[in-house]
Amino acid sequence: MAAEVSFPLLKLPIDELLHAMRLMEIIDLLKLSFLSRRSKNHVTSLNLKADPIRVHLHRSVDIRCRFNRVSFYCFFKMKHKDDVPTIVKKPGTIYFRDPVTSKLYSWNSTKYSKIRDWLDHIATIFHEENPRIDFDANASRFDFNWIYEQFKKPSHLYVDHTGSAEYNKKVLKMLKPTEKLVAWFDCFENQRAPQSILNQNLDDLVLLCEVGREKELFLNDLLCCTSKKLSLRQVVFSQKSINTFIKLWILGSNPRLELFSIKFFPREMISYETILKRIRFEPVPEDRLRSLEFYSGEMYSMRGGRDIWRLDGTKATVFICGHFPRQCFVFSVWHDS
Amino acid sequence: MSVENAPVVDVDEAAIPVEKKMYYRFESNDKKEFRVSELAIQQSETLNRLVEAMGYTSEDVENKPAIAIENIDGKTLKLVFQWCEHHKGEAIPVDDGSVPKIVEIPEFDAKLMDIDNGLLFKLIWAADYLNIVQLLNVSCKKVANMAQGKTPAQLRRVYLLPSDEEDEAAKRAAQEAQDPRAREVEEEFEERKRQGGNSFF
């Protein structure tokens with residue numbers, strides 16, 4: 001067996017050390033960060049930014065990280081017992097897989113006794129201040145009190161049907177996110193978005209339905225919404241309701257709203273004539289491009305549209321994009337104009 | 001091209017091309033002299049600026065002493081100048097800030113860097129000191145590649161990474177070496193703590 005070659009990495013002057021570390025794969029930097037406080041500090045000083053880091057609760061608990069070129073996830077081993085809520089008692093060992101070679105690695109630490117400790121380590125080295133907590137199918141197997149203790153007050157929360165209506169309710173009630181909520185209609189009681197969710201003063205609210213299982217968002221519910229951004233996917237919201245909503249917005253409803261979008265498969269083609277019926281508007285030239293940031297964080301360039309004005313002078317633009325039956329309604333408010 | 005056939009270094013007059021090109025003479029800290037072409041020197045921002053500032057003519061190069069590079073030894077400088085001659089005229093890469101930075105190690109460079117890690121360490125240091133961007137990239141890439149496929153425990157051995165406890169012990173030892181009284185004070189403090197005293201003073 002060939003002798004292992006060694007190189008005194010930390011003896012390199014700091015600039016050369018950081019230069020060499022910038023050439024390492026992300027997964028190798030993660031390994032390096034576990035080895036000592038000093039090596040963790042060096043990895044942290046590279047200012048790598050993951051986008052995003054997510055704690056994913058499903059059959060197990062994963063911490064998922066994504067970078068431009070690679071994604072990887074770390075997980076913890078646990079034993080499930082039927083009918084007994086699961087907790088990961090002492091997650092002293094973390095497992096992670098090389099995204100390129102699929103090789104499995106593990107690291108054991110006596111310093112970390114909670115999943116939150118591991119999450120904080122990863123969030124620190126990859127500079128993600130707001131790791132997202134995802135409740136996916138089967139997440140209800142986890143003891144809620146244990147989850148709450150570790151992840152209370154998340155900034156970003158994603159909730160799918162966890163396998164138990166009661167559990168969904170508890171998650172939405174207790175783990176109120178401070179910034180962003182992405183929720184499937186299936187996880188709401190009676191499959192209707194509750195007002196307690198709509199009026200949480202969130203920065204971003206995304207409500208989703210499965211294709212073929214569309215649910216309706218009522219106009220009154222929308223008027224209660226206090227989020228800055230609201231995105232509806234596969235949610236039924238009629239053209240008539242859009243028209244009424246715009247009229248009420250002109251009169252002063254939804255004052256915090258900055259961006260409202262609906263992506264859906266309407267039963268009829270949506271048109272500016274219908275949604276702006278009896279509303280004064282000004283067409284925007286088709287060659288005029290404006291950038292909007294959508295719920296995914298991605299920027300889109302929108303062409304043309306129709307400008308409208310609220311009674312207080314605030315301007316908004318209504319866009320209809322895509323072609324029937326894949327149309328999208330976008331309502332963007334220009335608070336700073 | 002193999003390392004043996006690479007142009008440059010420990011120059012032998014016969015090896016100098018016939019056409020009239022400007023060459024400079026450099027001397028390592030162990031008094032080894034090298035003759036390097038003007039084009040090759042352009043790979044090093046530090047040396048390029050130095051020779052520009054000196055404004056040497058061909059006669060000056062011959063008549064004046066070789067330019068001393070006082071903190072790099074001959075063995076390392078030989079590798080540096082072999083690399084510069086091989087890559088002369090190539091564009092100098094610009095750092096786009098991406099991580100991991102994509103760097104391929106060409107065959108010539110891989111052979112050139114088939115050296116022990118002590119010399120590799122000096123080569124990295126020299127590449128940074130002389131500001132030879134691509135040589136720094138490939139030499140650091142060789143170090144970065146040592147991590148690939150290793151478990152964290154193997155990585156600790158490969159990079160000789162001390163644990164927190166070892167770091168703390170080394171820090172304490174360094175402090176004690178600086179102040180011989182420190183150990184006595186610490187021992188006295190520990191003794192008083194054992195005796196249940198609340199205050200040291």
# chains A, B, ... in the order shown; residues from 1 in each chain; ligands from 1
call {"tool": "interface_residues", "arguments": {"of": "chain A", "to": "chain B", "cutoff": "10 Å", "atoms": "only C-alpha atoms", "output": "ChimeraX atom specification"}}
result
/A:4-13,15-39,46-49,67-69,98,101,103-108
call {"tool": "residues_around", "arguments": {"residues": "B:Arg49", "least_positions_apart": "5", "cutoff": "12 Å", "atoms": "only C-alpha atoms", "output": "PyMOL selection string"}}
result
chain B and resi 38+41-44+54-55+130-131
call {"tool": "write_last_selection", "arguments": {"atoms": "all heavy atoms", "output": "PDB file, in the first residue's frame"}}
result
ATOM      1  N   GLU B  38      12.601  37.718 -21.607  1.00  0.00           N
ATOM      2  CA  GLU B  38      11.718  38.831 -21.265  1.00  0.00           C
ATOM      3  C   GLU B  38      10.248  38.402 -21.305  1.00  0.00           C
ATOM      4  O   GLU B  38       9.453  38.768 -20.440  1.00  0.00           O
ATOM      5  CB  GLU B  38      11.973  39.951 -22.281  1.00  0.00           C
ATOM      6  CG  GLU B  38      11.311  41.256 -21.917  1.00  0.00           C
ATOM      7  CD  GLU B  38      11.651  42.351 -22.923  1.00  0.00           C
ATOM      8  OE1 GLU B  38      12.024  42.007 -24.066  1.00  0.00           O
ATOM      9  OE2 GLU B  38      11.561  43.512 -22.564  1.00  0.00           O
ATOM     10  N   ILE B  41       9.282  36.364 -18.303  1.00  0.00           N
ATOM     11  CA  ILE B  41       9.188  37.194 -17.093  1.00  0.00           C
ATOM     12  C   ILE B  41       7.803  37.839 -16.968  1.00  0.00           C
ATOM     13  O   ILE B  41       7.310  38.085 -15.874  1.00  0.00           O
ATOM     14  CB  ILE B  41      10.317  38.253 -17.091  1.00  0.00           C
ATOM     15  CG1 ILE B  41      11.625  37.551 -16.742  1.00  0.00           C
ATOM     16  CG2 ILE B  41      10.052  39.388 -16.099  1.00  0.00           C
ATOM     17  CD1 ILE B  41      12.828  38.383 -16.962  1.00  0.00           C
ATOM     18  N   GLN B  42       7.148  38.046 -18.139  1.00  0.00           N
ATOM     19  CA  GLN B  42       5.828  38.683 -18.106  1.00  0.00           C
ATOM     20  C   GLN B  42       4.787  37.859 -17.334  1.00  0.00           C
ATOM     21  O   GLN B  42       3.751  38.365 -16.935  1.00  0.00           O
ATOM     22  CB  GLN B  42       5.341  38.949 -19.534  1.00  0.00           C
ATOM     23  CG  GLN B  42       6.072  40.128 -20.157  1.00  0.00           C
ATOM     24  CD  GLN B  42       5.773  40.287 -21.624  1.00  0.00           C
ATOM     25  OE1 GLN B  42       4.900  39.627 -22.173  1.00  0.00           O
ATOM     26  NE2 GLN B  42       6.526  41.163 -22.270  1.00  0.00           N
ATOM     27  N   GLN B  43       5.071  36.571 -17.143  1.00  0.00           N
ATOM     28  CA  GLN B  43       4.138  35.757 -16.353  1.00  0.00           C
ATOM     29  C   GLN B  43       4.163  36.172 -14.881  1.00  0.00           C
ATOM     30  O   GLN B  43       3.224  35.888 -14.146  1.00  0.00           O
ATOM     31  CB  GLN B  43       4.497  34.262 -16.469  1.00  0.00           C
ATOM     32  CG  GLN B  43       4.175  33.656 -17.821  1.00  0.00           C
ATOM     33  CD  GLN B  43       2.679  33.587 -18.090  1.00  0.00           C
ATOM     34  OE1 GLN B  43       1.880  33.346 -17.190  1.00  0.00           O
ATOM     35  NE2 GLN B  43       2.294  33.814 -19.330  1.00  0.00           N
ATOM     36  N   SER B  44       5.262  36.792 -14.453  1.00  0.00           N
ATOM     37  CA  SER B  44       5.373  37.223 -13.059  1.00  0.00           C
ATOM     38  C   SER B  44       5.173  38.732 -12.983  1.00  0.00           C
ATOM     39  O   SER B  44       5.988  39.508 -13.488  1.00  0.00           O
ATOM     40  CB  SER B  44       6.758  36.864 -12.515  1.00  0.00           C
ATOM     41  OG  SER B  44       7.039  37.650 -11.367  1.00  0.00           O
ATOM     42  N   MET B  54      13.780  48.938 -13.636  1.00  0.00           N
ATOM     43  CA  MET B  54      15.244  49.001 -13.736  1.00  0.00           C
ATOM     44  C   MET B  54      15.693  49.544 -15.090  1.00  0.00           C
ATOM     45  O   MET B  54      16.765  50.134 -15.197  1.00  0.00           O
ATOM     46  CB  MET B  54      15.835  47.615 -13.512  1.00  0.00           C
ATOM     47  CG  MET B  54      15.723  47.188 -12.053  1.00  0.00           C
ATOM     48  SD  MET B  54      16.293  45.533 -11.843  1.00  0.00           S
ATOM     49  CE  MET B  54      17.436  45.764 -10.510  1.00  0.00           C
ATOM     50  N   GLY B  55      14.899  49.311 -16.096  1.00  0.00           N
ATOM     51  CA  GLY B  55      15.195  49.818 -17.429  1.00  0.00           C
ATOM     52  C   GLY B  55      16.526  49.331 -17.985  1.00  0.00           C
ATOM     53  O   GLY B  55      17.261  50.097 -18.611  1.00  0.00           O
ATOM     54  N   LEU B 130       6.071  36.022  -6.231  1.00  0.00           N
ATOM     55  CA  LEU B 130       6.408  36.595  -7.540  1.00  0.00           C
ATOM     56  C   LEU B 130       5.157  36.967  -8.340  1.00  0.00           C
ATOM     57  O   LEU B 130       5.249  37.443  -9.462  1.00  0.00           O
ATOM     58  CB  LEU B 130       7.266  35.610  -8.346  1.00  0.00           C
ATOM     59  CG  LEU B 130       8.623  35.263  -7.703  1.00  0.00           C
ATOM     60  CD1 LEU B 130       9.329  34.174  -8.501  1.00  0.00           C
ATOM     61  CD2 LEU B 130       9.515  36.495  -7.611  1.00  0.00           C
ATOM     62  N   ASN B 131       3.992  36.690  -7.735  1.00  0.00           N
ATOM     63  CA  ASN B 131       2.701  36.995  -8.356  1.00  0.00           C
ATOM     64  C   ASN B 131       2.588  36.372  -9.757  1.00  0.00           C
ATOM     65  O   ASN B 131       2.396  37.083 -10.746  1.00  0.00           O
ATOM     66  CB  ASN B 131       2.504  38.511  -8.400  1.00  0.00           C
ATOM     67  CG  ASN B 131       1.037  38.875  -8.378  1.00  0.00           C
ATOM     68  OD1 ASN B 131       0.183  38.000  -8.590  1.00  0.00           O
ATOM     69  ND2 ASN B 131       0.728  40.130  -8.148  1.00  0.00           N
TER      70      ASN B 131
END
call {"tool": "closest_residue", "arguments": {"among": "B:Leu123, B:Lys21, B:Asn29, B:Ala40", "to": "B:Phe81", "atoms": "only C-alpha atoms"}}
result
B:Ala40
call {"tool": "residues_around", "arguments": {"residues": "B:Val36", "least_positions_apart": "2", "cutoff": "9 Å", "atoms": "only C-alpha atoms", "output": "PDB file with all heavy atoms, in the first residue's frame"}}
result
ATOM      1  N   VAL B   8      15.032  27.129 -20.808  1.00  0.00           N
ATOM      2  CA  VAL B   8      15.476  27.905 -19.661  1.00  0.00           C
ATOM      3  C   VAL B   8      16.674  27.398 -18.937  1.00  0.00           C
ATOM      4  O   VAL B   8      17.438  26.616 -19.396  1.00  0.00           O
ATOM      5  CB  VAL B   8      14.433  28.012 -18.544  1.00  0.00           C
ATOM      6  CG1 VAL B   8      14.927  28.989 -17.521  1.00  0.00           C
ATOM      7  CG2 VAL B   8      13.117  28.330 -19.062  1.00  0.00           C
ATOM      8  N   VAL B   9      16.617  27.852 -17.929  1.00  0.00           N
ATOM      9  CA  VAL B   9      17.203  27.748 -16.623  1.00  0.00           C
ATOM     10  C   VAL B   9      18.693  27.545 -16.638  1.00  0.00           C
ATOM     11  O   VAL B   9      19.274  27.658 -17.662  1.00  0.00           O
ATOM     12  CB  VAL B   9      16.475  26.641 -15.869  1.00  0.00           C
ATOM     13  CG1 VAL B   9      16.985  26.584 -14.455  1.00  0.00           C
ATOM     14  CG2 VAL B   9      15.004  26.900 -15.892  1.00  0.00           C
ATOM     15  N   VAL B  11      21.356  28.536 -17.130  1.00  0.00           N
ATOM     16  CA  VAL B  11      21.560  28.671 -18.544  1.00  0.00           C
ATOM     17  C   VAL B  11      22.959  28.439 -19.016  1.00  0.00           C
ATOM     18  O   VAL B  11      23.932  28.860 -18.436  1.00  0.00           O
ATOM     19  CB  VAL B  11      21.089  30.043 -18.983  1.00  0.00           C
ATOM     20  CG1 VAL B  11      21.332  30.220 -20.452  1.00  0.00           C
ATOM     21  CG2 VAL B  11      19.655  30.136 -18.662  1.00  0.00           C
ATOM     22  N   MET B  22      15.724  39.739 -25.530  1.00  0.00           N
ATOM     23  CA  MET B  22      16.209  40.263 -24.253  1.00  0.00           C
ATOM     24  C   MET B  22      16.094  39.174 -23.190  1.00  0.00           C
ATOM     25  O   MET B  22      15.061  38.527 -23.050  1.00  0.00           O
ATOM     26  CB  MET B  22      15.328  41.463 -23.884  1.00  0.00           C
ATOM     27  CG  MET B  22      15.750  42.177 -22.655  1.00  0.00           C
ATOM     28  SD  MET B  22      17.194  43.195 -22.945  1.00  0.00           S
ATOM     29  CE  MET B  22      17.311  44.038 -21.392  1.00  0.00           C
ATOM     30  N   TYR B  23      17.190  38.953 -22.494  1.00  0.00           N
ATOM     31  CA  TYR B  23      17.199  37.998 -21.375  1.00  0.00           C
ATOM     32  C   TYR B  23      17.637  38.740 -20.117  1.00  0.00           C
ATOM     33  O   TYR B  23      18.387  39.704 -20.198  1.00  0.00           O
ATOM     34  CB  TYR B  23      18.158  36.839 -21.657  1.00  0.00           C
ATOM     35  CG  TYR B  23      17.556  35.794 -22.561  1.00  0.00           C
ATOM     36  CD1 TYR B  23      17.449  36.022 -23.928  1.00  0.00           C
ATOM     37  CD2 TYR B  23      17.066  34.611 -22.053  1.00  0.00           C
ATOM     38  CE1 TYR B  23      16.871  35.088 -24.762  1.00  0.00           C
ATOM     39  CE2 TYR B  23      16.487  33.667 -22.874  1.00  0.00           C
ATOM     40  CZ  TYR B  23      16.391  33.903 -24.236  1.00  0.00           C
ATOM     41  OH  TYR B  23      15.813  32.978 -25.037  1.00  0.00           O
ATOM     42  N   TYR B  24      17.159  38.262 -18.985  1.00  0.00           N
ATOM     43  CA  TYR B  24      17.570  38.865 -17.703  1.00  0.00           C
ATOM     44  C   TYR B  24      18.240  37.798 -16.857  1.00  0.00           C
ATOM     45  O   TYR B  24      17.961  36.605 -16.995  1.00  0.00           O
ATOM     46  CB  TYR B  24      16.353  39.426 -16.970  1.00  0.00           C
ATOM     47  CG  TYR B  24      15.799  40.667 -17.626  1.00  0.00           C
ATOM     48  CD1 TYR B  24      14.795  40.579 -18.583  1.00  0.00           C
ATOM     49  CD2 TYR B  24      16.302  41.920 -17.311  1.00  0.00           C
ATOM     50  CE1 TYR B  24      14.294  41.708 -19.195  1.00  0.00           C
ATOM     51  CE2 TYR B  24      15.812  43.064 -17.923  1.00  0.00           C
ATOM     52  CZ  TYR B  24      14.813  42.964 -18.860  1.00  0.00           C
ATOM     53  OH  TYR B  24      14.320  44.086 -19.467  1.00  0.00           O
ATOM     54  N   ARG B  25      19.121  38.272 -15.972  1.00  0.00           N
ATOM     55  CA  ARG B  25      19.799  37.326 -15.070  1.00  0.00           C
ATOM     56  C   ARG B  25      19.281  37.517 -13.644  1.00  0.00           C
ATOM     57  O   ARG B  25      19.157  38.642 -13.160  1.00  0.00           O
ATOM     58  CB  ARG B  25      21.304  37.566 -15.118  1.00  0.00           C
ATOM     59  CG  ARG B  25      21.939  37.080 -16.408  1.00  0.00           C
ATOM     60  CD  ARG B  25      23.289  37.714 -16.625  1.00  0.00           C
ATOM     61  NE  ARG B  25      24.172  37.539 -15.497  1.00  0.00           N
ATOM     62  CZ  ARG B  25      24.881  38.535 -14.938  1.00  0.00           C
ATOM     63  NH1 ARG B  25      24.802  39.755 -15.411  1.00  0.00           N
ATOM     64  NH2 ARG B  25      25.672  38.292 -13.926  1.00  0.00           N
ATOM     65  N   PHE B  26      18.947  36.382 -13.036  1.00  0.00           N
ATOM     66  CA  PHE B  26      18.453  36.414 -11.654  1.00  0.00           C
ATOM     67  C   PHE B  26      19.311  35.484 -10.806  1.00  0.00           C
ATOM     68  O   PHE B  26      19.851  34.493 -11.304  1.00  0.00           O
ATOM     69  CB  PHE B  26      16.994  35.950 -11.583  1.00  0.00           C
ATOM     70  CG  PHE B  26      16.050  36.877 -12.290  1.00  0.00           C
ATOM     71  CD1 PHE B  26      15.662  36.635 -13.602  1.00  0.00           C
ATOM     72  CD2 PHE B  26      15.562  38.004 -11.643  1.00  0.00           C
ATOM     73  CE1 PHE B  26      14.809  37.498 -14.263  1.00  0.00           C
ATOM     74  CE2 PHE B  26      14.702  38.869 -12.302  1.00  0.00           C
ATOM     75  CZ  PHE B  26      14.318  38.627 -13.604  1.00  0.00           C
ATOM     76  N   PHE B  34      20.252  32.341 -12.984  1.00  0.00           N
ATOM     77  CA  PHE B  34      19.331  31.928 -14.043  1.00  0.00           C
ATOM     78  C   PHE B  34      19.224  33.033 -15.082  1.00  0.00           C
ATOM     79  O   PHE B  34      19.283  34.205 -14.731  1.00  0.00           O
ATOM     80  CB  PHE B  34      17.933  31.673 -13.464  1.00  0.00           C
ATOM     81  CG  PHE B  34      17.915  30.619 -12.408  1.00  0.00           C
ATOM     82  CD1 PHE B  34      18.132  30.953 -11.068  1.00  0.00           C
ATOM     83  CD2 PHE B  34      17.713  29.295 -12.742  1.00  0.00           C
ATOM     84  CE1 PHE B  34      18.130  29.984 -10.094  1.00  0.00           C
ATOM     85  CE2 PHE B  34      17.703  28.320 -11.752  1.00  0.00           C
ATOM     86  CZ  PHE B  34      17.925  28.658 -10.426  1.00  0.00           C
ATOM     87  N   GLU B  38      12.601  37.718 -21.607  1.00  0.00           N
ATOM     88  CA  GLU B  38      11.718  38.831 -21.265  1.00  0.00           C
ATOM     89  C   GLU B  38      10.248  38.402 -21.305  1.00  0.00           C
ATOM     90  O   GLU B  38       9.453  38.768 -20.440  1.00  0.00           O
ATOM     91  CB  GLU B  38      11.973  39.951 -22.281  1.00  0.00           C
ATOM     92  CG  GLU B  38      11.311  41.256 -21.917  1.00  0.00           C
ATOM     93  CD  GLU B  38      11.651  42.351 -22.923  1.00  0.00           C
ATOM     94  OE1 GLU B  38      12.024  42.007 -24.066  1.00  0.00           O
ATOM     95  OE2 GLU B  38      11.561  43.512 -22.564  1.00  0.00           O
ATOM     96  N   LEU B  39       9.926  37.584 -22.315  1.00  0.00           N
ATOM     97  CA  LEU B  39       8.544  37.132 -22.478  1.00  0.00           C
ATOM     98  C   LEU B  39       8.116  36.237 -21.302  1.00  0.00           C
ATOM     99  O   LEU B  39       6.985  36.320 -20.811  1.00  0.00           O
ATOM    100  CB  LEU B  39       8.401  36.377 -23.813  1.00  0.00           C
ATOM    101  CG  LEU B  39       6.983  36.174 -24.336  1.00  0.00           C
ATOM    102  CD1 LEU B  39       6.237  37.498 -24.492  1.00  0.00           C
ATOM    103  CD2 LEU B  39       7.006  35.435 -25.675  1.00  0.00           C
ATOM    104  N   ALA B  40       9.032  35.387 -20.853  1.00  0.00           N
ATOM    105  CA  ALA B  40       8.717  34.497 -19.728  1.00  0.00           C
ATOM    106  C   ALA B  40       8.501  35.314 -18.451  1.00  0.00           C
ATOM    107  O   ALA B  40       7.631  34.991 -17.631  1.00  0.00           O
ATOM    108  CB  ALA B  40       9.828  33.480 -19.526  1.00  0.00           C
ATOM    109  N   ILE B  41       9.282  36.364 -18.303  1.00  0.00           N
ATOM    110  CA  ILE B  41       9.188  37.194 -17.093  1.00  0.00           C
ATOM    111  C   ILE B  41       7.803  37.839 -16.968  1.00  0.00           C
ATOM    112  O   ILE B  41       7.310  38.085 -15.874  1.00  0.00           O
ATOM    113  CB  ILE B  41      10.317  38.253 -17.091  1.00  0.00           C
ATOM    114  CG1 ILE B  41      11.625  37.551 -16.742  1.00  0.00           C
ATOM    115  CG2 ILE B  41      10.052  39.388 -16.099  1.00  0.00           C
ATOM    116  CD1 ILE B  41      12.828  38.383 -16.962  1.00  0.00           C
ATOM    117  N   PHE B  81      11.086  29.281 -13.072  1.00  0.00           N
ATOM    118  CA  PHE B  81      11.477  29.794 -14.390  1.00  0.00           C
ATOM    119  C   PHE B  81      11.216  28.776 -15.500  1.00  0.00           C
ATOM    120  O   PHE B  81      10.902  29.149 -16.624  1.00  0.00           O
ATOM    121  CB  PHE B  81      12.932  30.260 -14.374  1.00  0.00           C
ATOM    122  CG  PHE B  81      13.128  31.534 -13.582  1.00  0.00           C
ATOM    123  CD1 PHE B  81      14.261  31.733 -12.804  1.00  0.00           C
ATOM    124  CD2 PHE B  81      12.173  32.544 -13.622  1.00  0.00           C
ATOM    125  CE1 PHE B  81      14.433  32.909 -12.080  1.00  0.00           C
ATOM    126  CE2 PHE B  81      12.336  33.713 -12.895  1.00  0.00           C
ATOM    127  CZ  PHE B  81      13.465  33.903 -12.126  1.00  0.00           C
ATOM    128  N   CYS B  84       7.650  29.394 -16.232  1.00  0.00           N
ATOM    129  CA  CYS B  84       7.437  30.669 -16.947  1.00  0.00           C
ATOM    130  C   CYS B  84       7.856  30.548 -18.419  1.00  0.00           C
ATOM    131  O   CYS B  84       7.172  31.073 -19.301  1.00  0.00           O
ATOM    132  CB  CYS B  84       8.233  31.787 -16.290  1.00  0.00           C
ATOM    133  SG  CYS B  84       7.588  32.284 -14.705  1.00  0.00           S
ATOM    134  N   GLU B  85       8.953  29.879 -18.670  1.00  0.00           N
ATOM    135  CA  GLU B  85       9.410  29.727 -20.061  1.00  0.00           C
ATOM    136  C   GLU B  85       8.414  28.886 -20.863  1.00  0.00           C
ATOM    137  O   GLU B  85       8.112  29.186 -22.000  1.00  0.00           O
ATOM    138  CB  GLU B  85      10.801  29.081 -20.117  1.00  0.00           C
ATOM    139  CG  GLU B  85      11.933  30.001 -19.696  1.00  0.00           C
ATOM    140  CD  GLU B  85      12.227  31.129 -20.692  1.00  0.00           C
ATOM    141  OE1 GLU B  85      11.603  31.183 -21.765  1.00  0.00           O
ATOM    142  OE2 GLU B  85      13.071  31.984 -20.359  1.00  0.00           O
TER     143      GLU B  85
END
call {"tool": "atom_distance", "arguments": {"atom1": "atom CA of B:Arg192", "atom2": "atom CA of B:Glu168"}}
result
22.7 Å
call {"tool": "residues_around", "arguments": {"residues": "A:Asp143", "least_positions_apart": "2", "cutoff": "7 Å", "atoms": "only C-alpha atoms", "output": "short mmCIF file (atom, residue, chain, number, x, y, z; two decimals) with N, CA, C and O atoms, in the first residue's frame"}}
result
data_model
loop_
_atom_site.label_atom_id
_atom_site.label_comp_id
_atom_site.auth_asym_id
_atom_site.auth_seq_id
_atom_site.Cartn_x
_atom_site.Cartn_y
_atom_site.Cartn_z
N PRO A 85 -43.89 8.80 18.25
CA PRO A 85 -43.27 9.94 17.58
C PRO A 85 -41.74 9.86 17.65
O PRO A 85 -41.18 9.52 18.69
N THR A 86 -41.12 10.16 16.54
CA THR A 86 -39.67 9.97 16.44
C THR A 86 -38.91 11.21 16.88
O THR A 86 -39.28 12.32 16.54
N ILE A 87 -37.85 10.96 17.60
CA ILE A 87 -36.88 12.04 17.82
C ILE A 87 -35.50 11.47 17.50
O ILE A 87 -35.30 10.26 17.58
N ARG A 141 -44.36 11.89 11.57
CA ARG A 141 -43.79 10.85 12.43
C ARG A 141 -42.88 11.45 13.50
O ARG A 141 -42.55 10.81 14.48
N ASN A 145 -42.98 18.42 19.58
CA ASN A 145 -42.31 19.22 20.62
C ASN A 145 -40.79 19.24 20.39
O ASN A 145 -40.13 20.24 20.61
N TRP A 146 -40.30 18.10 19.93
CA TRP A 146 -38.86 18.00 19.64
C TRP A 146 -38.48 18.93 18.47
O TRP A 146 -37.48 19.65 18.51
N ILE A 147 -39.35 18.92 17.44
CA ILE A 147 -39.11 19.79 16.28
C ILE A 147 -39.17 21.26 16.72
O ILE A 147 -38.32 22.07 16.37
#
call {"tool": "select_by_dssp", "arguments": {"residues": "chain B", "states": "alpha helix (DSSP H)", "output": "number ranges by chain"}}
result
B: 38-41, 45-54, 58-63, 74-86, 107-112, 117-129, 133-145, 152-158, 164-178, 180-194
call {"tool": "residues_around", "arguments": {"residues": "A:Leu202", "least_positions_apart": "4", "cutoff": "7 Å", "atoms": "only C-alpha atoms", "output": "PyMOL selection string"}}
result
chain A and resi 178-180+226-228
call {"tool": "write_last_selection", "arguments": {"atoms": "N, CA, C and O atoms", "output": "PDB file, in the first residue's frame"}}
result
ATOM      1  N   THR A 178     -41.124  33.958  10.046  1.00  0.00           N
ATOM      2  CA  THR A 178     -41.034  35.411  10.155  1.00  0.00           C
ATOM      3  C   THR A 178     -41.001  36.074   8.785  1.00  0.00           C
ATOM      4  O   THR A 178     -41.281  37.257   8.660  1.00  0.00           O
ATOM      5  N   GLU A 179     -40.598  35.329   7.746  1.00  0.00           N
ATOM      6  CA  GLU A 179     -40.464  35.971   6.431  1.00  0.00           C
ATOM      7  C   GLU A 179     -41.289  35.331   5.320  1.00  0.00           C
ATOM      8  O   GLU A 179     -41.973  36.011   4.590  1.00  0.00           O
ATOM      9  N   LYS A 180     -41.141  34.011   5.197  1.00  0.00           N
ATOM     10  CA  LYS A 180     -41.732  33.390   4.007  1.00  0.00           C
ATOM     11  C   LYS A 180     -42.406  32.062   4.344  1.00  0.00           C
ATOM     12  O   LYS A 180     -41.837  31.252   5.091  1.00  0.00           O
ATOM     13  N   THR A 226     -51.907  40.146   4.015  1.00  0.00           N
ATOM     14  CA  THR A 226     -51.036  41.278   4.355  1.00  0.00           C
ATOM     15  C   THR A 226     -49.592  41.031   3.907  1.00  0.00           C
ATOM     16  O   THR A 226     -48.684  41.736   4.337  1.00  0.00           O
ATOM     17  N   SER A 227     -49.380  40.020   3.052  1.00  0.00           N
ATOM     18  CA  SER A 227     -48.009  39.735   2.594  1.00  0.00           C
ATOM     19  C   SER A 227     -47.581  40.747   1.545  1.00  0.00           C
ATOM     20  O   SER A 227     -48.414  41.298   0.828  1.00  0.00           O
ATOM     21  N   LYS A 228     -46.253  40.940   1.459  1.00  0.00           N
ATOM     22  CA  LYS A 228     -45.746  41.836   0.414  1.00  0.00           C
ATOM     23  C   LYS A 228     -45.809  41.160  -0.951  1.00  0.00           C
ATOM     24  O   LYS A 228     -46.033  41.805  -1.954  1.00  0.00           O
TER      25      LYS A 228
END
call {"tool": "select_by_dssp", "arguments": {"residues": "stretch 23-181 of chain B", "states": "strand (DSSP E)", "output": "ChimeraX atom specification"}}
result
/B:23-27,33-37,67-68
call {"tool": "residues_around", "arguments": {"residues": "A:Arg116", "least_positions_apart": "6", "cutoff": "10 Å", "atoms": "only C-alpha atoms", "output": "VMD selection string"}}
result
chain A and resid 55 91 122 147 149 to 151
call {"tool": "write_last_selection", "arguments": {"atoms": "N, CA, C and O atoms", "output": "compact mmCIF listing (two decimals), in the first residue's frame"}}
result
# COMPACT_ATOMS: atom_id res chain seq x y z
N VAL A 55 -33.70 22.38 6.06
CA VAL A 55 -33.86 21.19 6.89
C VAL A 55 -35.09 20.50 6.35
O VAL A 55 -36.17 21.10 6.32
N PRO A 91 -27.82 13.10 17.87
CA PRO A 91 -27.27 12.92 16.52
C PRO A 91 -25.77 13.26 16.50
O PRO A 91 -25.35 14.27 15.97
N ILE A 122 -23.33 24.20 9.62
CA ILE A 122 -23.40 24.28 8.15
C ILE A 122 -23.86 25.68 7.71
O ILE A 122 -23.32 26.25 6.77
N ILE A 147 -39.35 18.92 17.44
CA ILE A 147 -39.11 19.79 16.28
C ILE A 147 -39.17 21.26 16.72
O ILE A 147 -38.32 22.07 16.37
N GLU A 149 -38.74 22.64 19.60
CA GLU A 149 -37.61 23.03 20.45
C GLU A 149 -36.39 23.40 19.60
O GLU A 149 -35.66 24.33 19.91
N GLN A 150 -36.21 22.69 18.50
CA GLN A 150 -35.01 22.92 17.68
C GLN A 150 -35.19 24.02 16.64
O GLN A 150 -34.24 24.74 16.34
N PHE A 151 -36.38 24.12 16.09
CA PHE A 151 -36.53 25.00 14.92
C PHE A 151 -37.57 26.10 15.10
O PHE A 151 -38.08 26.63 14.12
call {"tool": "atom_distance", "arguments": {"atom1": "atom CA of A:Phe75", "atom2": "atom CA of A:Lys114"}}
result
12.6 Å
